[in-house]
Structure formats: C-alpha cells, structure tokens
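Enquirer: Before I ask anything, let me first share the structure, which is written out below as structure tokens.
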Amino acid sequence: MLRIHFTSQDLQSVRVARQPHALWELVCGVCRLDTRQGALEFGHWRRSVREGLAKDPRARRALLPLQTLIPPVGYIPDFLTPSVTGGGLAVGLEEVRSTSRTRLTRELTRLAESRPLPSWVSSLNRPGVKALGTLTRALELSCKTLLEPYWPRIQTAIGNDVELRSRALLDGGTSALLDALRPHARWNAPVLEVNYPVDRELYLEGRGLLLVPSYFCWRRPTALADPTLGPVLVYPVAKQPLEVARASKDGLERLLGRTRTVVLAHLANHGARTTSEVATAANIALPSASYQLGVLRDGGLIASHREGQFVRHSATPLGLRLLDR
C-alpha cells in the first residue's frame, strides 16, 4: 500500500490533469503490450499494434529500447515521465532529452539492480554521446505507433473521467474528490491509502498532489519512485468495451478474440451453461474454457453462479448489448 500524507496546505493544492499525459500513456502502454492484462480493454489494441509493428521495421526497432527500460512490473525510471503542465508531447520529449547525467546515473543504476541491462544503456549518461537523443526519437516514434491511432478514444475516456472528478469536487470539495478514487484508493484523512504493489510512505509536505487519469494504467495507480520529485498519482480510468467493439472495423471478434466471442454468443443463445458444456460447444479444452470464462466474467460480460455441484455461466446485460441482443 502507498500512503500519501496530506497537510492542510496540500489539500488546497490537489489538481487533476485535464488532458492525457502522452509519456505516461506510452509507459503504461508499453507495460500492457507484452502482457495479457485487460484482454477486453486492450486486446484489440494489442493485436492492431502488433500487426502494425510486423509491417514497420523502424517502429519495431524504436520500441526495443523502451521495452528494455520499461518492465511490465517493478521499477521504471522517472525521467521517462517528466511532469508536463503544458506543451504536450513536444515539451515532455525536450525534458527527457535534457535529463542531467547525475539523474540518469542514479535512476539507471537503480533499474540495473532489478534486472540485467544491455551495454547500450550505460551510454545514455555519457557526455558527448547522442544516445539520449536517440532514445527521445524512439519515444516519439513509439507514441505514433502505440498511441496516435487511438488518441481520440483515449481523450474521450479521460475527458469522461475528468468530468466525474470535477463533479465530485464541486459537490463535496477536496475530500469528496479523493474519496471518489475508490476502489483504487481510500481517503482516510489525512492519508490517502492507495492500492500499490509495495508498502511505501509519501509525505507531500505542502507540495500538493497532481492526479493524472490514464487510459493504459491498469488495475492499480502508479506514482513516481523518487519522493523528491513533484508528487503525481496516475490512476486508471474506466474503459468502454461496447464502444470499442462498435468502433472497430472487425467488430466484436476483433475486440474479444474468436474463442471468447464464440463462448459469449453460445451463452447468449442457450442461457446458463456449465463449463463443460461451454468447452464442448466451443470445441476447446476444459482448462481453456475456464480461462475464457474467467476473462469474460472479469469484464462483466458473463455472470457465474453455483447450482449444486455445478457452476453455471450466463451472459449479462452488458454481454448481450455487445452482441446487440
């Protein structure tokens, strides 16, 4: 758990970013790309990005150094996500390009403690070497590959979230704004208790807190590792699988994948079914059926309930809406 300690001055300086932060979205997106997390929310995006990378060697090469510096779990160097209050991606990239050698050495050394790094990483903080400029260009190109085609969707999701946060603030003040971060965080004045992979204390000490809504942040919020930097809490916004399916050229199968679409359609057509019945209907192994049903259940598309010795699964209203039933 991350415990963020507020003073009365900090409560007067809580802000919400009104636009997506491109570099935070990129860092979170790189984390999502190489995992199976969020099959419903990110499955279509992952498939589209991988198809694009397969056709674009330059984009593949640009992504490789980022995958080295951005592990799916664990420490990520803070210099990749500078605080940007205006100017968008261009200003953020310039801040990355201007990172001091002292800071690079400190953060890359910490990264090397958690995972082996290739030799080129050590060149990032050498004077007179253009490696940091090359990395910045890789960030820019990867933003175009991973984010640009989906930017309108990202902006819409974050705009919807900002509207909710604004309403909470207007209706109940800062305490209501912080309390509205549930289930990702719990406001227990004067401490915000955040769902976090490690135990950590962060004292704001009058600096306030910037809340950054993120499309590609997943499951739990994230924050800068260095407590001396401007305090930031990046949190996941709600995604809309229904809108993604309808906006996708290939529809529902592109969103869910062929097997999950077959499973969902079978439940919609035949009502409650056991795992074995689903496996037989979809022509898949029982463990695979259990996994696919679990993904659909996590996404709110099916519900499961026990009847005696059997567990039966049925499509939810959201699942039926996805199928236009």
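Ligands are numbered from 1 in the order shown, chains are lettered A, B, ... in the order of the structure tokens, and residues start at 1 in each chain.
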Write down as a list of chain:residue names the residues of segment 9-41 of chain A whose backbone DSSP state falls under helix (DSSP H, G or I).
Expert: A:Gln9, A:Asp10, A:Leu11, A:Ala22, A:Leu23, A:Trp24, A:Glu25, A:Leu26, A:Val27, A:Cys28, A:Gly29, A:Val30, A:Cys31, A:Arg32, A:Leu33, A:Ala39, A:Leu40, A:Glu41
Enquirer: Could those selected residues go to a file with N, CA, C and O atoms, as a PDB file, in the first residue's frame?
Expert:
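out.pdb, written as the output of this step:
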ATOM      1  N   GLN A   9      -2.264  22.438   3.782  1.00  0.00           N
ATOM      2  CA  GLN A   9      -1.809  23.142   2.578  1.00  0.00           C
ATOM      3  C   GLN A   9      -1.890  22.239   1.351  1.00  0.00           C
ATOM      4  O   GLN A   9      -2.253  22.687   0.259  1.00  0.00           O
ATOM      5  N   ASP A  10      -1.577  20.951   1.517  1.00  0.00           N
ATOM      6  CA  ASP A  10      -1.653  20.013   0.394  1.00  0.00           C
ATOM      7  C   ASP A  10      -3.087  19.876  -0.106  1.00  0.00           C
ATOM      8  O   ASP A  10      -3.327  19.765  -1.317  1.00  0.00           O
ATOM      9  N   LEU A  11      -4.049  19.887   0.812  1.00  0.00           N
ATOM     10  CA  LEU A  11      -5.449  19.744   0.419  1.00  0.00           C
ATOM     11  C   LEU A  11      -5.917  20.920  -0.431  1.00  0.00           C
ATOM     12  O   LEU A  11      -6.872  20.793  -1.198  1.00  0.00           O
ATOM     13  N   ALA A  22       0.958  12.182 -22.555  1.00  0.00           N
ATOM     14  CA  ALA A  22       1.393  11.252 -23.600  1.00  0.00           C
ATOM     15  C   ALA A  22       2.469  10.285 -23.108  1.00  0.00           C
ATOM     16  O   ALA A  22       2.429   9.087 -23.424  1.00  0.00           O
ATOM     17  N   LEU A  23       3.447  10.763 -22.355  1.00  0.00           N
ATOM     18  CA  LEU A  23       4.539   9.880 -21.946  1.00  0.00           C
ATOM     19  C   LEU A  23       4.091   8.889 -20.870  1.00  0.00           C
ATOM     20  O   LEU A  23       4.555   7.743 -20.852  1.00  0.00           O
ATOM     21  N   TRP A  24       3.205   9.305 -19.970  1.00  0.00           N
ATOM     22  CA  TRP A  24       2.652   8.327 -19.031  1.00  0.00           C
ATOM     23  C   TRP A  24       1.835   7.279 -19.790  1.00  0.00           C
ATOM     24  O   TRP A  24       1.899   6.084 -19.478  1.00  0.00           O
ATOM     25  N   GLU A  25       1.048   7.717 -20.780  1.00  0.00           N
ATOM     26  CA  GLU A  25       0.274   6.746 -21.563  1.00  0.00           C
ATOM     27  C   GLU A  25       1.206   5.794 -22.301  1.00  0.00           C
ATOM     28  O   GLU A  25       0.938   4.592 -22.401  1.00  0.00           O
ATOM     29  N   LEU A  26       2.313   6.313 -22.821  1.00  0.00           N
ATOM     30  CA  LEU A  26       3.254   5.461 -23.541  1.00  0.00           C
ATOM     31  C   LEU A  26       3.888   4.442 -22.605  1.00  0.00           C
ATOM     32  O   LEU A  26       3.967   3.245 -22.923  1.00  0.00           O
ATOM     33  N   VAL A  27       4.356   4.896 -21.444  1.00  0.00           N
ATOM     34  CA  VAL A  27       4.984   3.985 -20.488  1.00  0.00           C
ATOM     35  C   VAL A  27       4.004   2.899 -20.062  1.00  0.00           C
ATOM     36  O   VAL A  27       4.327   1.703 -20.058  1.00  0.00           O
ATOM     37  N   CYS A  28       2.779   3.289 -19.716  1.00  0.00           N
ATOM     38  CA  CYS A  28       1.769   2.293 -19.331  1.00  0.00           C
ATOM     39  C   CYS A  28       1.405   1.398 -20.514  1.00  0.00           C
ATOM     40  O   CYS A  28       1.170   0.193 -20.348  1.00  0.00           O
ATOM     41  N   GLY A  29       1.369   1.974 -21.720  1.00  0.00           N
ATOM     42  CA  GLY A  29       1.060   1.186 -22.902  1.00  0.00           C
ATOM     43  C   GLY A  29       2.115   0.135 -23.196  1.00  0.00           C
ATOM     44  O   GLY A  29       1.792  -1.002 -23.566  1.00  0.00           O
ATOM     45  N   VAL A  30       3.382   0.482 -23.041  1.00  0.00           N
ATOM     46  CA  VAL A  30       4.457  -0.493 -23.236  1.00  0.00           C
ATOM     47  C   VAL A  30       4.303  -1.640 -22.232  1.00  0.00           C
ATOM     48  O   VAL A  30       4.498  -2.812 -22.567  1.00  0.00           O
ATOM     49  N   CYS A  31       3.928  -1.305 -20.999  1.00  0.00           N
ATOM     50  CA  CYS A  31       3.701  -2.346 -19.991  1.00  0.00           C
ATOM     51  C   CYS A  31       2.568  -3.282 -20.404  1.00  0.00           C
ATOM     52  O   CYS A  31       2.651  -4.493 -20.207  1.00  0.00           O
ATOM     53  N   ARG A  32       1.504  -2.719 -20.975  1.00  0.00           N
ATOM     54  CA  ARG A  32       0.347  -3.536 -21.371  1.00  0.00           C
ATOM     55  C   ARG A  32       0.635  -4.373 -22.605  1.00  0.00           C
ATOM     56  O   ARG A  32       0.063  -5.441 -22.789  1.00  0.00           O
ATOM     57  N   LEU A  33       1.511  -3.901 -23.486  1.00  0.00           N
ATOM     58  CA  LEU A  33       1.707  -4.550 -24.778  1.00  0.00           C
ATOM     59  C   LEU A  33       2.208  -5.974 -24.649  1.00  0.00           C
ATOM     60  O   LEU A  33       1.783  -6.858 -25.396  1.00  0.00           O
ATOM     61  N   ALA A  39      -7.701  -8.198 -21.241  1.00  0.00           N
ATOM     62  CA  ALA A  39      -7.990  -8.793 -22.554  1.00  0.00           C
ATOM     63  C   ALA A  39      -9.141  -8.074 -23.248  1.00  0.00           C
ATOM     64  O   ALA A  39      -9.118  -7.887 -24.469  1.00  0.00           O
ATOM     65  N   LEU A  40     -10.159  -7.685 -22.493  1.00  0.00           N
ATOM     66  CA  LEU A  40     -11.295  -6.997 -23.105  1.00  0.00           C
ATOM     67  C   LEU A  40     -10.954  -5.557 -23.455  1.00  0.00           C
ATOM     68  O   LEU A  40     -11.305  -5.055 -24.517  1.00  0.00           O
ATOM     69  N   GLU A  41     -10.275  -4.878 -22.528  1.00  0.00           N
ATOM     70  CA  GLU A  41      -9.985  -3.463 -22.704  1.00  0.00           C
ATOM     71  C   GLU A  41      -8.894  -3.206 -23.735  1.00  0.00           C
ATOM     72  O   GLU A  41      -8.957  -2.229 -24.497  1.00  0.00           O
TER      73      GLU A  41
END
Enquirer: Determine which residues of segment 2-239 of chain A receive a DSSP assignment of strand (DSSP E or B), computed from the backbone, and state them as a VMD selection string.
Expert: chain A and resid 2 to 5 14 to 16 185 to 188 191 to 194 200 to 203 209 to 214 222 to 223 232 to 236
Enquirer: I need the residue nearest Leu64 of chain A from this list: A:Leu192, A:Ala168, A:Val162, A:Leu139. Use only C-alpha atoms for the distance.
Expert: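 That would be A:Leu139, the residue with the smallest distance to Leu64 of chain A.
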Enquirer: Considering only C-alpha atoms, state which residue in the set A:Leu89, A:Ala54, A:Val234, A:Ser276 is at the smallest distance from Lys144 of chain A.
Expert: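 Counting only C-alpha atoms, the residue closest to Lys144 of chain A is A:Leu89.
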Enquirer: Excluding Ile302 of chain A and any residue of its chain fewer than 4 positions from it, enumerate the residues within 10 Å of it, using only C-alpha atoms, and give them as a PDB file with C-alpha atoms, in the first residue's frame.
Expert:
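Output (result.pdb):
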ATOM      1  CA  VAL A 263     -18.291 -18.554 -25.849  1.00  0.00           C
ATOM      2  CA  LEU A 264     -20.246 -15.348 -25.225  1.00  0.00           C
ATOM      3  CA  LEU A 267     -24.249 -18.316 -23.577  1.00  0.00           C
ATOM      4  CA  ALA A 268     -26.418 -15.594 -25.084  1.00  0.00           C
ATOM      5  CA  ALA A 272     -26.939 -20.761 -18.412  1.00  0.00           C
ATOM      6  CA  LEU A 293     -14.992 -17.675 -18.945  1.00  0.00           C
ATOM      7  CA  GLY A 294     -12.849 -16.009 -16.286  1.00  0.00           C
ATOM      8  CA  VAL A 295     -11.819 -13.243 -18.677  1.00  0.00           C
ATOM      9  CA  LEU A 296     -15.422 -12.643 -19.724  1.00  0.00           C
ATOM     10  CA  ARG A 297     -16.520 -12.626 -16.083  1.00  0.00           C
ATOM     11  CA  ASP A 298     -13.790 -10.125 -15.109  1.00  0.00           C
ATOM     12  CA  HIS A 313     -22.500 -19.223 -16.588  1.00  0.00           C
ATOM     13  CA  SER A 314     -24.818 -16.804 -18.364  1.00  0.00           C
ATOM     14  CA  ALA A 315     -24.445 -13.591 -20.369  1.00  0.00           C
ATOM     15  CA  THR A 316     -25.010 -10.335 -18.501  1.00  0.00           C
ATOM     16  CA  PRO A 317     -26.961  -7.354 -19.919  1.00  0.00           C
ATOM     17  CA  LEU A 318     -23.633  -5.803 -20.956  1.00  0.00           C
ATOM     18  CA  GLY A 319     -22.663  -9.015 -22.744  1.00  0.00           C
ATOM     19  CA  LEU A 320     -25.985  -9.056 -24.555  1.00  0.00           C
TER      20      LEU A 320
END
Enquirer: Kindly indicate which residue among A:Val121, A:Ala289, A:Leu181, A:Leu147 lies nearest to Thr109 of chain A, using only C-alpha atoms for the distances.
Expert: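 Of all the options, A:Val121 lies closest to Thr109 of chain A.
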Enquirer: Near Asn195 of chain A, within 10 Å and counting only C-alpha atoms, which residues show up once chain neighbours fewer than 5 positions away are dropped, as a PDB file with N, CA, C and O atoms, in the first residue's frame?
Expert:
ATOM      1  N   MET A   1       0.840  -1.200   0.000  1.00  0.00           N
ATOM      2  CA  MET A   1       0.000   0.000   0.000  1.00  0.00           C
ATOM      3  C   MET A   1       0.872   1.246   0.000  1.00  0.00           C
ATOM      4  O   MET A   1       1.889   1.314   0.681  1.00  0.00           O
ATOM      5  N   LEU A   2       0.456   2.236  -0.781  1.00  0.00           N
ATOM      6  CA  LEU A   2       1.091   3.552  -0.792  1.00  0.00           C
ATOM      7  C   LEU A   2       0.245   4.478   0.065  1.00  0.00           C
ATOM      8  O   LEU A   2      -0.948   4.666  -0.201  1.00  0.00           O
ATOM      9  N   ARG A   3       0.852   5.069   1.092  1.00  0.00           N
ATOM     10  CA  ARG A   3       0.151   6.003   1.975  1.00  0.00           C
ATOM     11  C   ARG A   3       0.660   7.411   1.685  1.00  0.00           C
ATOM     12  O   ARG A   3       1.826   7.709   1.921  1.00  0.00           O
ATOM     13  N   ARG A 182     -12.001   5.655  -5.078  1.00  0.00           N
ATOM     14  CA  ARG A 182     -12.312   4.239  -4.843  1.00  0.00           C
ATOM     15  C   ARG A 182     -12.670   3.563  -6.167  1.00  0.00           C
ATOM     16  O   ARG A 182     -13.258   4.207  -7.035  1.00  0.00           O
ATOM     17  N   PRO A 183     -12.348   2.285  -6.351  1.00  0.00           N
ATOM     18  CA  PRO A 183     -11.744   1.339  -5.415  1.00  0.00           C
ATOM     19  C   PRO A 183     -10.213   1.338  -5.436  1.00  0.00           C
ATOM     20  O   PRO A 183      -9.591   0.511  -4.778  1.00  0.00           O
ATOM     21  N   HIS A 184      -9.620   2.265  -6.183  1.00  0.00           N
ATOM     22  CA  HIS A 184      -8.163   2.259  -6.302  1.00  0.00           C
ATOM     23  C   HIS A 184      -7.478   2.872  -5.083  1.00  0.00           C
ATOM     24  O   HIS A 184      -6.300   2.599  -4.832  1.00  0.00           O
ATOM     25  N   ALA A 185      -8.195   3.704  -4.340  1.00  0.00           N
ATOM     26  CA  ALA A 185      -7.619   4.358  -3.178  1.00  0.00           C
ATOM     27  C   ALA A 185      -8.732   4.666  -2.188  1.00  0.00           C
ATOM     28  O   ALA A 185      -9.907   4.789  -2.562  1.00  0.00           O
ATOM     29  N   ARG A 186      -8.354   4.834  -0.917  1.00  0.00           N
ATOM     30  CA  ARG A 186      -9.334   5.152   0.124  1.00  0.00           C
ATOM     31  C   ARG A 186      -8.838   6.368   0.902  1.00  0.00           C
ATOM     32  O   ARG A 186      -7.693   6.415   1.352  1.00  0.00           O
ATOM     33  N   ARG A 219      -5.496  -1.654 -13.366  1.00  0.00           N
ATOM     34  CA  ARG A 219      -5.771  -2.274 -12.074  1.00  0.00           C
ATOM     35  C   ARG A 219      -5.494  -1.370 -10.876  1.00  0.00           C
ATOM     36  O   ARG A 219      -6.329  -1.179 -10.023  1.00  0.00           O
ATOM     37  N   ARG A 220      -4.270  -0.836 -10.793  1.00  0.00           N
ATOM     38  CA  ARG A 220      -3.930  -0.016  -9.630  1.00  0.00           C
ATOM     39  C   ARG A 220      -3.154   1.218 -10.069  1.00  0.00           C
ATOM     40  O   ARG A 220      -2.519   1.215 -11.128  1.00  0.00           O
ATOM     41  N   PRO A 221      -3.194   2.284  -9.258  1.00  0.00           N
ATOM     42  CA  PRO A 221      -2.460   3.503  -9.605  1.00  0.00           C
ATOM     43  C   PRO A 221      -0.952   3.286  -9.554  1.00  0.00           C
ATOM     44  O   PRO A 221      -0.452   2.291  -9.024  1.00  0.00           O
ATOM     45  N   THR A 222      -0.241   4.255 -10.129  1.00  0.00           N
ATOM     46  CA  THR A 222       1.214   4.250 -10.067  1.00  0.00           C
ATOM     47  C   THR A 222       1.696   5.661  -9.760  1.00  0.00           C
ATOM     48  O   THR A 222       0.936   6.622  -9.883  1.00  0.00           O
TER      49      THR A 222
END
Enquirer: At a cut-off of 9 Å, using only C-alpha atoms, what residues contact Arg18 of chain A? Leave out same-chain residues fewer than 4 positions from it and give the result as a PDB file with C-alpha atoms, in the first residue's frame.
Expert:
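Result written to around-v8.pdb:
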ATOM      1  CA  ILE A 158     -10.073  10.730 -19.851  1.00  0.00           C
ATOM      2  CA  GLY A 159     -12.488  13.566 -20.564  1.00  0.00           C
ATOM      3  CA  VAL A 162     -12.270  14.425 -15.531  1.00  0.00           C
ATOM      4  CA  VAL A 212      -3.262  12.058 -13.685  1.00  0.00           C
ATOM      5  CA  PRO A 213      -6.044   9.953 -15.246  1.00  0.00           C
TER       6      PRO A 213
END
Enquirer: For Pro77 of chain A, work out the shell of residues within 10 Å, counting only C-alpha atoms and skipping chain neighbours fewer than 3 positions away, then give it as a list in words.
Expert: Leu69, Ile70, Leu80, Thr81, Arg103, Leu104, Arg106, Glu107, Leu108, Thr109, Arg110, Leu111, Leu224, Ala225 and Asp226 of chain A
Enquirer: May I ask for the distance between atom CA of Tyr196 of chain A and atom CA of Arg47 of chain A, given in Å to one decimal place?
Expert: 28.4 Å
Enquirer: Set the distance at 12 Å and use only C-alpha atoms: which residues neighbour Trp45 of chain A once local chain neighbours fewer than 4 positions away are removed? I'd like the list as a VMD selection string.
Expert: chain A and resid 29 to 30 32 to 34 36 to 41 49 to 52 145 to 151 153 to 154 215 to 216 241 244 to 245 247 to 248 254 to 257
Enquirer: Which residue out of A:Tyr235, A:Leu323, A:Arg46, A:Gly206 has the minimum interatomic distance to Asp161 of chain A when only C-alpha atoms are used?
Expert: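 Closest candidate: A:Tyr235.
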Enquirer: For a test of reading the model, state the distance in Å between atom CA of Ala90 of chain A and atom CA of Asn160 of chain A, rounded to one decimal.
Expert: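 Value for the atom CA of Ala90 of chain A-atom CA of Asn160 of chain A distance: 24.8 Å.
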